[in-house]
Each structure stands twice: as C-alpha cells, then as structure tokens.
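For reference, the structure is listed below as structure tokens.
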Amino acid sequence: MNTTRSQELFSAAQNLMPGGVSSPVRAFKSVGGQPIVFDHVKGAYAWDVDGNRYIDYIGSWGPAICGHAHPKVIGALRNALGKGTSFGAPCALENQLAEMVIDAVPSVEMVRFVNSGTEACMSVLRLMRAFTGREKLIKFEGCYHGHADMFLVKAGSGVATLGLPDSPGVPRSTTASTLTAPYNDLEAVKRLFAENPGEIAGVILEPVVGNAGFITPEPGFLEGLREITTENGALLTFDEVMTGFRIAYGGAQAKFGITPDLTTLGKVIGGGLPVGAYGGRAEIMAMVAPAGPMYQAGTLSGNPLAMTAGIHTLELLRQPGTYERLEAITSRLIAGILAAAGEVELPICGGSISAMFGFFLCKGPVRNFEEAKAADTVRFGQLHRAMLERGVYLAPSAFEAGFTSLAHSDEDIDATLDAFRSSFAQIA
Ligand SMILES: *Cc1c(COP(=O)(O)O)cnc(C)c1O
C-alpha cells in the first residue's frame with residue numbers, strides 16, 4: 001500500500017510533538033486508524049494534504065458555525081491585519097465585541113476577554129471563590145471545563161477518551177476541593193451541599209453536555225440547580241464555551257430560560273481565532289482586577305485580530321433565520337442517522353439542539369456519563385473509519401458532540417446520510 005502524505009506527516013510529527021499532535025483527541029487514539037492532516041478548509045468542507053475532501057462535522061470543535069473561512073470574516077481579518085495584530089493596549093474592537101456579548105447572553109452584564117476556554121474556566125473559578133470567600137466547587141462527571149488542575153476530576157472530552165480519570169501532575173491538594181456529582185442528579189447535589197455547609201463557592205456545568213457525548217439536561221435539572229445554589233448562597237456558572245452562540249444566539253441560558261450568575265464562553269466567539277471570555281452580574285465582575293482585587297491578566301487578551309473574527313462571526317449569526325436553519329438541518333441529520341442505524345438493527349440513541357448533535361451506540365436513554373460509557377466504542381471506531389472512507393469527518397471519539405454550520409447544505413446532509421446508511425450496513 002502506498003503511504004499517503006497524511007501518514008508521512010503524522011509519522012514525522014511523532015518525533016516532534018508528543019503523540020504527534022497539539023491536542024490529544026486529534027491523534028485518533030480512541031477510534032483507531034490514521035489521523036488526517038488537513039491542508040485547508042472552506043464552508044462545510046475540509047481538504048486533506050492528499051487532496052481528499054471531507055464534509056466536516058467538527059468545525060474546528062465549534063468555532064466554524066458560519067462555515068469555515070467565511071468570506072466576511074476573512075475579509076474583515078485582512079483589513080484588521082493591516083493595522084497590526086496585537087496592541088497590548090485597549091482597542092475599540094473590545095468594546096464592540098463586549099457589547100455584542102452583553103446584549104446576547106442574559107447573565108452577562110460585564111465581560112473579561114481571555115484567550116481560550118480553559119483560561120475562561122480557571123478564571124471564573126477564581127472569581128467564584130473570591131466573591132463567596134469559599135473554596136469548594138461542584139462539577140459533574142463527564143463535563144469538561146478545560147485542562148486546569150482543579151477541573152481534571154472525572155472530566156470529559158480527551159480525558160474521557162484516553163481513560164485518564166485524573167492526570168498525573170495534578171496535586172491532590174488542588175482537586176481536594178472539587179466535588180463531583182452525576183449529571184442530571186439533583187439529589188446528589190443537595191447531598192453535597194448538606195455535607196459541606198457554607199463551604200461551597202458554586203456549581204459549574206455544561207448546560208447541555210458536549211464533552212461526554214451529547215447529553216441534555218432533564219426537565220427541572222437546570223431550574224433545580226438555580227434554586228439550590230441561591231438557597232445556599234453559592235454561585236451558578238454555566239460553562240457555555242461550547243453551547244454559547246450555538247444552542248441559541250444567547251446560549252443555553254437563553255434557550256432554557258435559566259440565568260446563571262456567571263458564564264464562560266469560547267469557541268464560537270473567537271470565530272476560529274483564540275478567544276475565551278467570562279462574564280456575569282456586574283456586582284461579581286467588579287471583583288476582577290483592576291476594578292477589584294481578583295487578579296487575572298493576559299498579554300494577548302482582547303487583541304484586535306481575535307476581536308475582529310468574533311465580531312464578524314456574531315454579526316453573521318444574529319441575522320434573522322440563522323438558528324431556524326441550523327435547527328432544521330441538524331434535526332434532519334440526527335433523525336436520518338437514527339433511522340439508518342434502525343434499518344440494520346444497531347442499538348442507537350441520540351438527539352440534537354440547534355447546531356449541536358450526538359448519538360451513542362447503545363439503547364439509551366443516556367442521562368449521565370455512567371450511562372454514556374455503556375455505548376459501544378469499538379463499533380464507534382469502525383463507524384468512524386467507514387465514514388472517513390466515504391468522505392465524512394466525524395469527531396474521532398464516541399464522547400464528543402457533533403457540530404453543523406450554516407455552510408452545510410441540504411445536499412451535504414443527504415450525502416452524509418447516504419454515507420451513514422452504507423457505513424452502518426458495513427459494520428452491523
Ligand atoms: C472546549 C471546552 C473548554 C476548553 O476550551 P479550550 O479553548 O479548548 O481551552 C472548556 N469548556 C467546555 C464546555 C468546552 O467545550
């Protein structure tokens with residue numbers, strides 16, 4: 001067999017970077033097979049270095065919700081480049097993006113820009129602790145909040161994929177105040193509050209889970225968390241790094257009508273450049289330096305290039321009909337996937353909200369990470385490879401949500417469903 005350019009490059013990368021990648025899931029460890037090295041992306045498609053085209057359902061893990069390399073975003077970036085890439089000083093574009101975020105996201109009255117979702121989550125935890133004067137935190141099994149020490153307890157995403165319950169190098173003292181509960185389990189949260197009176201700073205969660213596969217909050221779960229945290233003088237933080245501007249323009253909090261105290265954002269608000277943000281009630285954000293005593297800073301934070309990509313991505317998203325379109329194609333996609341698996345009697349369950357979808361190869365329902373782990377990951381690996389051969393690029397893990405974009409056409413969805421039908425038939 002001839003080696004492909006992807007194989008050559010990935011094999012050379014092994015000696016240059018740990019595992020040959022800059023972020024673990026990209027190495028395809030959990031699905032097996034050969035990672036694809038991309039050359040360029042456009043619209044709904046990615047092309048690899050061997051010239052093969054894929055319909056892409058990762059969209060750079062979320063940011064490409066308007067389609068890759070949207071001409072409006074690229075054009076605006078070209079203009080911005082002419083004025084320099086980073087000022088290390090205030091720029092007007094920060095005001096513009098901040099206003100857009102504050103207008104869009106119900107809980108956000110003030111916002112601080114950072115460079116990644118990880119940074120947003122580690123900063124928001126510091127803020128939760130600074131504001132309440134308490135140290136303990138509740139997170140949920142399978143939820144991923146970036147790779148900061150305090151969150152690497154029963155985390156999802158690549159941590160789940162690689163089967164690392166905790167990472168070596170994380171001191172026990174840093175995770176000692178991280179308490180965990182199963183997702184969708186209000187009783188467990190109540191118990192933790194009862195067992196740790198006056199000690200819990202707050203609760204953080206993915207309001208719709210995407211990092212343990214796609215798991216939705218059961219009716220009453222988000223409402224219950226809002227009540228329990230308020231009753232206990234603790235803060236509620238929605239980690240909307242994935243769901244922000246994807247589940248709805250105002251995020252999951254707008255979709256479900258539950259307003260947290262604090263929110264983290266990332267992915268879509270950077271439109272493909274590195275941007276994260278955290279925000280919330282003005283009274284809490286007043287703690288952040290230099291307005292208040294909680295220190296947090298960033299050399300490249302709020303740089304004009306990243307702000308430009310964010311602004312123009314949100315401008316495209318706030319056009320009328322955008323989320324209706326995303327909802328329509330995504331619900332058609334997932335209905336087709338479930339039907340195709342049903343035709344060959346493969347156990348499957350799944351769903352979608354707006355431009356986010358997912359399925360598990362098990363009977364379901366899946367309400368938490370424990371149930372997600374019952375899914376057939378071996379067969380998912382076979383499916384993943386079969387789909388790649390048919391030109392469809394799915395997330396290389398059974399525990400990651402899928403993403404659609406405004407660039408996915410009805411024909412792309414049809415072609416994808418054809419590929420699912422023949423792939424399911426092949427692996428059943
Ligand atoms: C991706 C993600 C993060 C981490 O963001 P990075 O930009 O990868 O650091 C945090 N929380 C959630 C919910 C995410 O999906």
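In the structure tokens, the first chain shown is A, the next is B, and so on; residue numbers restart at 1 for each chain, and ligands run from 1 in the order shown.
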Next on the checklist: Report as a ChimeraX atom specification all protein, DNA and RNA residues lying within 8 Å of Asn368 of chain A, evaluated on only C-alpha atoms, omitting residues in the same chain fewer than 6 positions from it.
Outcome noted: /A:141-142,182-184,215
Each residue of segment 149-246 of chain A with at least one atom at most 9 Å from segment 122-137 of chain A should appear once, together with its nearest atom pair and the corresponding distance in Å (one decimal); atoms considered: only C-alpha atoms; ordering: chain, then increasing residue number; output as a Markdown table.
```
| residue | atom | partner | partner_atom | distance |
| --- | --- | --- | --- | --- |
| A:Asp149 | CA | A:Met122 | CA | 8.7 |
| A:Met150 | CA | A:Met122 | CA | 8.0 |
| A:Phe151 | CA | A:Met122 | CA | 8.3 |
| A:Ala176 | CA | A:Lys136 | CA | 8.3 |
| A:Ser177 | CA | A:Lys136 | CA | 4.6 |
| A:Thr178 | CA | A:Leu137 | CA | 5.0 |
| A:Leu179 | CA | A:Leu137 | CA | 5.9 |
| A:Thr180 | CA | A:Leu137 | CA | 8.3 |
| A:Asn196 | CA | A:Lys136 | CA | 8.5 |
| A:Gly198 | CA | A:Arg134 | CA | 7.5 |
| A:Glu199 | CA | A:Arg134 | CA | 5.3 |
| A:Ile200 | CA | A:Lys136 | CA | 4.4 |
| A:Ala201 | CA | A:Arg134 | CA | 4.9 |
| A:Gly202 | CA | A:Leu137 | CA | 5.4 |
| A:Val203 | CA | A:Leu137 | CA | 5.9 |
| A:Ile204 | CA | A:Leu137 | CA | 7.6 |
| A:Gly233 | CA | A:Thr132 | CA | 7.9 |
| A:Ala234 | CA | A:Thr132 | CA | 7.1 |
| A:Leu235 | CA | A:Met128 | CA | 6.6 |
| A:Leu236 | CA | A:Met128 | CA | 8.8 |
| A:Thr237 | CA | A:Val124 | CA | 8.2 |
```
Using only N, CA, C and O atoms, please write the residues we just selected to a file, as a CSV table (one decimal), in the first residue's frame.
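Ended up saving to part14.csv:
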```csv
chain,number,residue,atom,x,y,z
A,149,ASP,N,-5.9,22.3,36.5
A,149,ASP,CA,-5.8,21.3,37.6
A,149,ASP,C,-7.1,21.0,38.3
A,149,ASP,O,-7.5,19.9,38.4
A,150,MET,N,-7.8,22.1,38.7
A,150,MET,CA,-8.9,21.9,39.6
A,150,MET,C,-10.1,21.2,38.9
A,150,MET,O,-11.0,20.7,39.6
A,151,PHE,N,-10.1,21.2,37.6
A,151,PHE,CA,-11.2,20.6,36.8
A,151,PHE,C,-10.9,19.2,36.3
A,151,PHE,O,-11.7,18.5,35.8
A,176,ALA,N,-8.7,18.6,45.9
A,176,ALA,CA,-9.4,18.2,47.1
A,176,ALA,C,-10.7,19.0,47.3
A,176,ALA,O,-11.6,18.5,47.9
A,177,SER,N,-10.7,20.2,46.8
A,177,SER,CA,-12.0,21.0,47.0
A,177,SER,C,-12.9,20.9,45.7
A,177,SER,O,-13.9,21.6,45.7
A,178,THR,N,-12.6,19.9,44.8
A,178,THR,CA,-13.5,19.7,43.7
A,178,THR,C,-14.4,18.5,44.0
A,178,THR,O,-14.0,17.4,44.0
A,179,LEU,N,-15.7,18.8,44.2
A,179,LEU,CA,-16.7,17.7,44.5
A,179,LEU,C,-17.4,17.4,43.2
A,179,LEU,O,-17.6,18.3,42.4
A,180,THR,N,-17.7,16.1,43.0
A,180,THR,CA,-18.4,15.7,41.8
A,180,THR,C,-19.7,15.1,42.0
A,180,THR,O,-19.9,14.4,43.0
A,196,ASN,N,-21.4,19.8,53.1
A,196,ASN,CA,-20.4,20.8,53.2
A,196,ASN,C,-21.0,22.2,53.4
A,196,ASN,O,-20.9,23.1,52.6
A,198,GLY,N,-21.9,25.9,54.0
A,198,GLY,CA,-21.2,27.1,54.0
A,198,GLY,C,-19.8,27.0,53.4
A,198,GLY,O,-19.0,28.0,53.5
A,199,GLU,N,-19.5,25.9,52.7
A,199,GLU,CA,-18.2,25.8,52.1
A,199,GLU,C,-18.1,25.8,50.6
A,199,GLU,O,-17.0,25.8,50.0
A,200,ILE,N,-19.3,25.7,50.0
A,200,ILE,CA,-19.3,25.5,48.5
A,200,ILE,C,-19.5,26.9,47.8
A,200,ILE,O,-20.5,27.6,48.0
A,201,ALA,N,-18.4,27.3,47.0
A,201,ALA,CA,-18.5,28.5,46.3
A,201,ALA,C,-19.5,28.5,45.2
A,201,ALA,O,-20.2,29.5,45.0
A,202,GLY,N,-19.6,27.4,44.5
A,202,GLY,CA,-20.6,27.3,43.4
A,202,GLY,C,-20.6,26.0,42.7
A,202,GLY,O,-19.8,25.1,43.0
A,203,VAL,N,-21.4,26.0,41.7
A,203,VAL,CA,-21.6,24.8,40.8
A,203,VAL,C,-21.3,25.3,39.4
A,203,VAL,O,-21.7,26.3,39.0
A,204,ILE,N,-20.5,24.5,38.7
A,204,ILE,CA,-20.2,24.8,37.3
A,204,ILE,C,-20.7,23.6,36.4
A,204,ILE,O,-20.5,22.4,36.9
A,233,GLY,N,-26.4,30.3,49.1
A,233,GLY,CA,-25.5,31.4,48.9
A,233,GLY,C,-24.3,31.1,48.0
A,233,GLY,O,-23.2,31.6,48.2
A,234,ALA,N,-24.5,30.2,47.1
A,234,ALA,CA,-23.4,29.8,46.2
A,234,ALA,C,-23.7,30.3,44.8
A,234,ALA,O,-24.9,30.7,44.5
A,235,LEU,N,-22.7,30.3,43.9
A,235,LEU,CA,-22.9,30.8,42.6
A,235,LEU,C,-23.1,29.7,41.6
A,235,LEU,O,-22.6,28.6,41.7
A,236,LEU,N,-23.9,30.0,40.5
A,236,LEU,CA,-24.1,29.0,39.5
A,236,LEU,C,-23.4,29.5,38.2
A,236,LEU,O,-23.6,30.7,37.8
A,237,THR,N,-22.5,28.7,37.7
A,237,THR,CA,-21.8,29.1,36.5
A,237,THR,C,-22.2,28.1,35.3
A,237,THR,O,-22.0,26.9,35.5
```
Item to check | Selection near Gly271 of chain A, 8 Å with only C-alpha atoms, sequence-local residues under 4 positions removed, as number ranges by chain | outcome: A: 63-65, 73, 267, 306, 309-310, 312-313
If you keep N, CA, C and O atoms, can you produce a file of those selected residues as a PDB file, in the first residue's frame?
```pdb
ATOM      1  N   PRO A  63     -15.973  26.524  16.582  1.00  0.00           N
ATOM      2  CA  PRO A  63     -15.904  27.900  16.086  1.00  0.00           C
ATOM      3  C   PRO A  63     -16.486  28.126  14.686  1.00  0.00           C
ATOM      4  O   PRO A  63     -17.017  29.197  14.408  1.00  0.00           O
ATOM      5  N   ALA A  64     -16.400  27.111  13.806  1.00  0.00           N
ATOM      6  CA  ALA A  64     -16.763  27.345  12.397  1.00  0.00           C
ATOM      7  C   ALA A  64     -18.267  27.252  12.161  1.00  0.00           C
ATOM      8  O   ALA A  64     -18.716  26.688  11.169  1.00  0.00           O
ATOM      9  N   ILE A  65     -19.072  27.844  13.016  1.00  0.00           N
ATOM     10  CA  ILE A  65     -20.528  27.725  12.917  1.00  0.00           C
ATOM     11  C   ILE A  65     -21.093  28.450  11.682  1.00  0.00           C
ATOM     12  O   ILE A  65     -22.172  28.125  11.211  1.00  0.00           O
ATOM     13  N   VAL A  73     -15.731  37.065   7.282  1.00  0.00           N
ATOM     14  CA  VAL A  73     -14.802  37.014   8.414  1.00  0.00           C
ATOM     15  C   VAL A  73     -13.364  37.176   7.904  1.00  0.00           C
ATOM     16  O   VAL A  73     -12.583  37.964   8.445  1.00  0.00           O
ATOM     17  N   LYS A 267     -14.681  29.196  21.894  1.00  0.00           N
ATOM     18  CA  LYS A 267     -15.040  28.602  20.599  1.00  0.00           C
ATOM     19  C   LYS A 267     -15.723  29.603  19.645  1.00  0.00           C
ATOM     20  O   LYS A 267     -15.035  30.385  19.018  1.00  0.00           O
ATOM     21  N   ALA A 306      -8.291  38.797  16.964  1.00  0.00           N
ATOM     22  CA  ALA A 306      -9.251  37.860  17.553  1.00  0.00           C
ATOM     23  C   ALA A 306     -10.617  38.530  17.732  1.00  0.00           C
ATOM     24  O   ALA A 306     -11.660  37.926  17.461  1.00  0.00           O
ATOM     25  N   ALA A 309     -12.485  38.641  14.377  1.00  0.00           N
ATOM     26  CA  ALA A 309     -13.091  37.361  13.971  1.00  0.00           C
ATOM     27  C   ALA A 309     -14.373  37.124  14.764  1.00  0.00           C
ATOM     28  O   ALA A 309     -15.382  36.677  14.212  1.00  0.00           O
ATOM     29  N   GLY A 310     -14.344  37.438  16.053  1.00  0.00           N
ATOM     30  CA  GLY A 310     -15.527  37.261  16.899  1.00  0.00           C
ATOM     31  C   GLY A 310     -16.677  38.153  16.461  1.00  0.00           C
ATOM     32  O   GLY A 310     -17.804  37.692  16.278  1.00  0.00           O
ATOM     33  N   HIS A 312     -17.332  39.609  13.619  1.00  0.00           N
ATOM     34  CA  HIS A 312     -17.941  39.311  12.314  1.00  0.00           C
ATOM     35  C   HIS A 312     -18.663  37.975  12.309  1.00  0.00           C
ATOM     36  O   HIS A 312     -19.648  37.804  11.575  1.00  0.00           O
ATOM     37  N   THR A 313     -18.212  37.052  13.141  1.00  0.00           N
ATOM     38  CA  THR A 313     -18.932  35.781  13.277  1.00  0.00           C
ATOM     39  C   THR A 313     -20.289  36.023  13.937  1.00  0.00           C
ATOM     40  O   THR A 313     -21.323  35.550  13.453  1.00  0.00           O
TER      41      THR A 313
END
```
Checklist entry - What gap, in Å, lies between atom CA of Arg172 of chain A and atom CA of Tyr144 of chain A? => result 18.6 Å
Checklist entry - From the set A:Leu152, A:Val111, A:Met307, A:Val189, which residue has the shortest atom-to-atom contact distance to Phe87 of chain A, counting only C-alpha atoms? => result A:Met307
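Of note, atom CA of Phe357 of chain A and atom CA of Thr404 of chain A are spaced 8.1 Å apart.
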Item to check | Env. residues ligand 1 / 6 Å / only C-alpha atoms and all ligand atoms / as a PyMOL selection string | outcome: chain A and resi 116-118+144-146+206+239-242+266
Checklist entry - When DSSP works through the backbone of this structure, what residues of segment 98-188 of chain A end up as strand (DSSP E), shown as an MDAnalysis selection string? => result chainID A and resid 110:114 136:140 178:181
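Minimum atom-to-atom distance to Tyr278 of chain A, evaluated using only C-alpha atoms, belongs to A:Asn115 out of A:Asn52, A:Thr416, A:Asn79, A:Asn115.
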Next on the checklist: Show me, as a PyMOL selection string, the residues that have an atom within 10 Å of segment 385-393 of chain A when counting only C-alpha atoms, minus same-chain residues fewer than 4 positions from it.
Outcome noted: chain A and resi 31-34+36+45-47+52-59+379-381+402+412+415-424+426-427
Write out the residues from the selection above, keeping C-alpha atoms, as a PDB file, in the first residue's frame.
```pdb
ATOM      1  CA  VAL A  31     -11.195   5.348  17.190  1.00  0.00           C
ATOM      2  CA  GLY A  32      -8.050   3.837  15.723  1.00  0.00           C
ATOM      3  CA  GLY A  33      -6.959   4.461  12.158  1.00  0.00           C
ATOM      4  CA  GLN A  34      -4.854   7.120  10.591  1.00  0.00           C
ATOM      5  CA  ILE A  36      -5.937  13.012   8.673  1.00  0.00           C
ATOM      6  CA  TYR A  45     -15.576  21.083   3.919  1.00  0.00           C
ATOM      7  CA  ALA A  46     -12.033  20.206   4.862  1.00  0.00           C
ATOM      8  CA  TRP A  47      -9.402  19.019   2.378  1.00  0.00           C
ATOM      9  CA  ASN A  52      -9.380  14.286  -0.375  1.00  0.00           C
ATOM     10  CA  ARG A  53     -12.458  16.303   0.588  1.00  0.00           C
ATOM     11  CA  TYR A  54     -14.490  15.658   3.739  1.00  0.00           C
ATOM     12  CA  ILE A  55     -17.833  17.003   4.889  1.00  0.00           C
ATOM     13  CA  ASP A  56     -16.763  18.296   8.305  1.00  0.00           C
ATOM     14  CA  TYR A  57     -18.921  17.863  11.410  1.00  0.00           C
ATOM     15  CA  ILE A  58     -16.350  19.198  13.861  1.00  0.00           C
ATOM     16  CA  GLY A  59     -15.953  22.736  12.556  1.00  0.00           C
ATOM     17  CA  ARG A 379     -18.152  -0.204  16.912  1.00  0.00           C
ATOM     18  CA  PHE A 380     -17.977   3.590  17.008  1.00  0.00           C
ATOM     19  CA  GLY A 381     -14.342   3.311  15.895  1.00  0.00           C
ATOM     20  CA  GLY A 402     -21.039  16.884  16.565  1.00  0.00           C
ATOM     21  CA  ASP A 412     -24.389  17.793   2.223  1.00  0.00           C
ATOM     22  CA  ALA A 415     -24.699  12.813   1.127  1.00  0.00           C
ATOM     23  CA  THR A 416     -23.860  12.357   4.810  1.00  0.00           C
ATOM     24  CA  LEU A 417     -26.959  10.234   5.396  1.00  0.00           C
ATOM     25  CA  ASP A 418     -26.080   8.056   2.370  1.00  0.00           C
ATOM     26  CA  ALA A 419     -22.647   7.541   3.920  1.00  0.00           C
ATOM     27  CA  PHE A 420     -24.222   6.638   7.289  1.00  0.00           C
ATOM     28  CA  ARG A 421     -26.561   4.108   5.662  1.00  0.00           C
ATOM     29  CA  SER A 422     -23.798   2.257   3.900  1.00  0.00           C
ATOM     30  CA  SER A 423     -21.393   2.548   6.881  1.00  0.00           C
ATOM     31  CA  PHE A 424     -23.970   1.178   9.327  1.00  0.00           C
ATOM     32  CA  GLN A 426     -20.956  -2.408   6.732  1.00  0.00           C
ATOM     33  CA  ILE A 427     -20.397  -2.556  10.498  1.00  0.00           C
TER      34      ILE A 427
END
```
Next on the checklist: Let's see if you can do this: from backbone DSSP, list all alpha helix (DSSP H) residues in segment 144-334 of chain A, as an MDAnalysis selection string.
Outcome noted: chainID A and resid 158:161 172:175 186:195 221:231 251:256 282:285 304:317 322:334
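Residue nearest Pro207 of chain A, chosen from A:Ile258, A:Ala98, A:Ala328, A:Ile74 and counting only C-alpha atoms: A:Ile258.
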Checklist outcome for this item: For Gly75 of chain A, the closest of A:Thr308, A:Gln7, A:Ser405, A:Thr230 counting only C-alpha atoms is A:Thr308
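Shortest separation to Ile311 of chain A among A:Gly270, A:Pro168, A:Gly220, A:Gly257 occurs at residue A:Gly270, atoms counted being only C-alpha atoms.
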Next on the checklist: Set the distance at 12 Å and use only C-alpha atoms: which residues neighbour segment 301-304 of chain A once local chain neighbours fewer than 4 positions away are removed? I'd like the list as an MDAnalysis selection string.
Outcome noted: chainID A and resid 76:98 111:116 119:120 269:270 273:277 296:297 308:311
Next on the checklist: What's around segment 321-324 of chain A at 9 Å? Count only C-alpha atoms, leave out sequence neighbours fewer than 6 positions away in its own chain, and write the answer as a ChimeraX atom specification.
Outcome noted: /A:246-249,354-355,406
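Shell of Glu218 of chain A at 12 Å, with only C-alpha atoms counted and residues fewer than 2 places along the chain excluded, is Tyr183, Asn184, Asp185, Leu186, Pro207, Val208, Val209, Ile215, Thr216, Gly220, Phe221, Leu222, Glu223, Gly224, Leu225, Phe256, Pro365, Val366, Arg367 and Asn368 of chain A.
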Would you save the residues from that selection as a compact mmCIF listing (two decimals), in the first residue's frame, using all heavy atoms?
```txt
# COMPACT_ATOMS: atom_id res chain seq x y z
N TYR A 183 -24.32 13.91 36.35
CA TYR A 183 -25.15 14.88 35.62
C TYR A 183 -26.62 14.49 35.78
O TYR A 183 -26.95 13.31 35.90
CB TYR A 183 -24.75 14.90 34.14
CG TYR A 183 -25.20 16.15 33.41
CD1 TYR A 183 -24.48 17.33 33.54
CD2 TYR A 183 -26.32 16.14 32.59
CE1 TYR A 183 -24.89 18.49 32.88
CE2 TYR A 183 -26.73 17.29 31.91
CZ TYR A 183 -26.01 18.46 32.07
OH TYR A 183 -26.39 19.60 31.40
N ASN A 184 -27.49 15.47 35.81
CA ASN A 184 -28.94 15.25 35.92
C ASN A 184 -29.36 14.68 37.27
O ASN A 184 -30.46 14.17 37.40
CB ASN A 184 -29.45 14.33 34.78
CG ASN A 184 -29.76 15.12 33.52
OD1 ASN A 184 -30.24 16.25 33.59
ND2 ASN A 184 -29.47 14.53 32.38
N ASP A 185 -28.50 14.75 38.29
CA ASP A 185 -28.82 14.17 39.60
C ASP A 185 -28.87 15.27 40.67
O ASP A 185 -27.87 15.58 41.32
CB ASP A 185 -27.78 13.10 39.96
CG ASP A 185 -28.14 12.33 41.21
OD1 ASP A 185 -29.02 12.80 41.98
OD2 ASP A 185 -27.54 11.26 41.43
N LEU A 186 -30.05 15.87 40.83
CA LEU A 186 -30.20 16.97 41.79
C LEU A 186 -30.02 16.51 43.22
O LEU A 186 -29.50 17.26 44.06
CB LEU A 186 -31.59 17.60 41.66
CG LEU A 186 -31.82 18.60 40.53
CD1 LEU A 186 -33.26 19.09 40.56
CD2 LEU A 186 -30.85 19.78 40.63
N PRO A 207 -24.40 23.36 30.37
CA PRO A 207 -25.86 23.33 30.44
C PRO A 207 -26.46 22.31 29.46
O PRO A 207 -27.55 21.80 29.69
CB PRO A 207 -26.28 24.75 30.10
CG PRO A 207 -25.09 25.39 29.47
CD PRO A 207 -23.89 24.69 29.97
N VAL A 208 -25.77 22.06 28.36
CA VAL A 208 -26.02 20.89 27.52
C VAL A 208 -24.63 20.26 27.38
O VAL A 208 -23.68 20.96 27.00
CB VAL A 208 -26.56 21.28 26.13
CG1 VAL A 208 -26.67 20.05 25.23
CG2 VAL A 208 -27.91 21.98 26.26
N VAL A 209 -24.49 18.99 27.70
CA VAL A 209 -23.15 18.40 27.68
C VAL A 209 -22.75 18.05 26.25
O VAL A 209 -23.54 17.47 25.50
CB VAL A 209 -23.09 17.13 28.55
CG1 VAL A 209 -21.66 16.59 28.61
CG2 VAL A 209 -23.60 17.42 29.95
N ILE A 215 -25.40 15.10 25.77
CA ILE A 215 -26.36 14.78 26.84
C ILE A 215 -27.13 16.05 27.20
O ILE A 215 -26.52 17.09 27.47
CB ILE A 215 -25.64 14.22 28.09
CG1 ILE A 215 -24.80 12.98 27.74
CG2 ILE A 215 -26.65 13.90 29.20
CD1 ILE A 215 -23.94 12.45 28.90
N THR A 216 -28.45 15.94 27.23
CA THR A 216 -29.26 17.13 27.51
C THR A 216 -29.70 17.16 28.98
O THR A 216 -29.83 16.10 29.60
CB THR A 216 -30.52 17.17 26.61
OG1 THR A 216 -31.22 15.94 26.76
CG2 THR A 216 -30.13 17.35 25.15
N GLY A 220 -36.25 20.38 34.66
CA GLY A 220 -36.14 20.65 36.09
C GLY A 220 -34.71 20.64 36.62
O GLY A 220 -34.46 21.15 37.70
N PHE A 221 -33.77 20.09 35.84
CA PHE A 221 -32.39 19.99 36.36
C PHE A 221 -31.74 21.37 36.49
O PHE A 221 -31.23 21.74 37.55
CB PHE A 221 -31.56 19.08 35.44
CG PHE A 221 -30.13 18.91 35.89
CD1 PHE A 221 -29.83 18.41 37.15
CD2 PHE A 221 -29.07 19.26 35.05
CE1 PHE A 221 -28.51 18.25 37.58
CE2 PHE A 221 -27.75 19.09 35.47
CZ PHE A 221 -27.47 18.59 36.73
N LEU A 222 -31.79 22.16 35.42
CA LEU A 222 -31.16 23.49 35.48
C LEU A 222 -31.90 24.39 36.47
O LEU A 222 -31.28 25.12 37.25
CB LEU A 222 -31.14 24.14 34.08
CG LEU A 222 -30.37 23.37 32.98
CD1 LEU A 222 -30.50 24.08 31.64
CD2 LEU A 222 -28.89 23.21 33.35
N GLU A 223 -33.24 24.29 36.47
CA GLU A 223 -34.05 25.07 37.42
C GLU A 223 -33.65 24.69 38.86
O GLU A 223 -33.48 25.57 39.71
CB GLU A 223 -35.55 24.75 37.25
CG GLU A 223 -36.20 25.28 35.99
CD GLU A 223 -36.01 24.33 34.79
OE1 GLU A 223 -35.14 23.42 34.85
OE2 GLU A 223 -36.73 24.52 33.79
N GLY A 224 -33.51 23.39 39.10
CA GLY A 224 -33.16 22.90 40.43
C GLY A 224 -31.80 23.42 40.88
O GLY A 224 -31.63 23.83 42.04
N LEU A 225 -30.85 23.43 39.97
CA LEU A 225 -29.51 23.94 40.32
C LEU A 225 -29.57 25.42 40.65
O LEU A 225 -28.90 25.90 41.56
CB LEU A 225 -28.53 23.70 39.17
CG LEU A 225 -28.17 22.25 38.87
CD1 LEU A 225 -27.26 22.17 37.66
CD2 LEU A 225 -27.51 21.58 40.09
N PHE A 256 -33.09 27.82 27.55
CA PHE A 256 -33.84 27.19 28.64
C PHE A 256 -34.43 28.20 29.62
O PHE A 256 -35.15 27.83 30.55
CB PHE A 256 -32.93 26.21 29.40
CG PHE A 256 -32.55 25.01 28.58
CD1 PHE A 256 -31.30 24.91 27.99
CD2 PHE A 256 -33.46 23.99 28.37
CE1 PHE A 256 -30.95 23.80 27.22
CE2 PHE A 256 -33.13 22.88 27.59
CZ PHE A 256 -31.87 22.79 27.02
N PRO A 365 -32.02 5.45 27.38
CA PRO A 365 -31.54 6.83 27.25
C PRO A 365 -30.23 7.05 28.00
O PRO A 365 -29.93 6.31 28.94
CB PRO A 365 -32.66 7.64 27.90
CG PRO A 365 -33.24 6.72 28.93
CD PRO A 365 -33.11 5.34 28.36
N VAL A 366 -29.46 8.06 27.56
CA VAL A 366 -28.22 8.42 28.24
C VAL A 366 -28.44 9.76 28.94
O VAL A 366 -28.68 10.77 28.29
CB VAL A 366 -27.05 8.49 27.23
CG1 VAL A 366 -25.84 9.11 27.90
CG2 VAL A 366 -26.71 7.11 26.70
N ARG A 367 -28.40 9.70 30.28
CA ARG A 367 -28.65 10.92 31.06
C ARG A 367 -27.42 11.42 31.78
O ARG A 367 -27.40 12.50 32.35
CB ARG A 367 -29.75 10.63 32.10
CG ARG A 367 -31.13 10.48 31.47
CD ARG A 367 -32.06 9.72 32.38
NE ARG A 367 -31.56 8.39 32.61
CZ ARG A 367 -32.32 7.35 33.03
NH1 ARG A 367 -33.58 7.53 33.28
NH2 ARG A 367 -31.77 6.16 33.21
N ASN A 368 -26.37 10.56 31.80
CA ASN A 368 -25.16 10.96 32.51
C ASN A 368 -23.97 10.19 31.93
O ASN A 368 -24.13 9.35 31.04
CB ASN A 368 -25.31 10.71 34.01
CG ASN A 368 -25.66 9.25 34.30
OD1 ASN A 368 -25.09 8.34 33.70
ND2 ASN A 368 -26.61 9.03 35.19
```
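With only C-alpha atoms as the atoms that count, the minimum distance from Gln319 of chain A to the choices A:Leu383, A:Cys66, A:Ala401, A:Leu192 is reached by A:Cys66.
For the atom pair formed by atom CA of Met294 of chain A and atom CA of Gly279 of chain A, the distance is 13.8 Å, given to one decimal.
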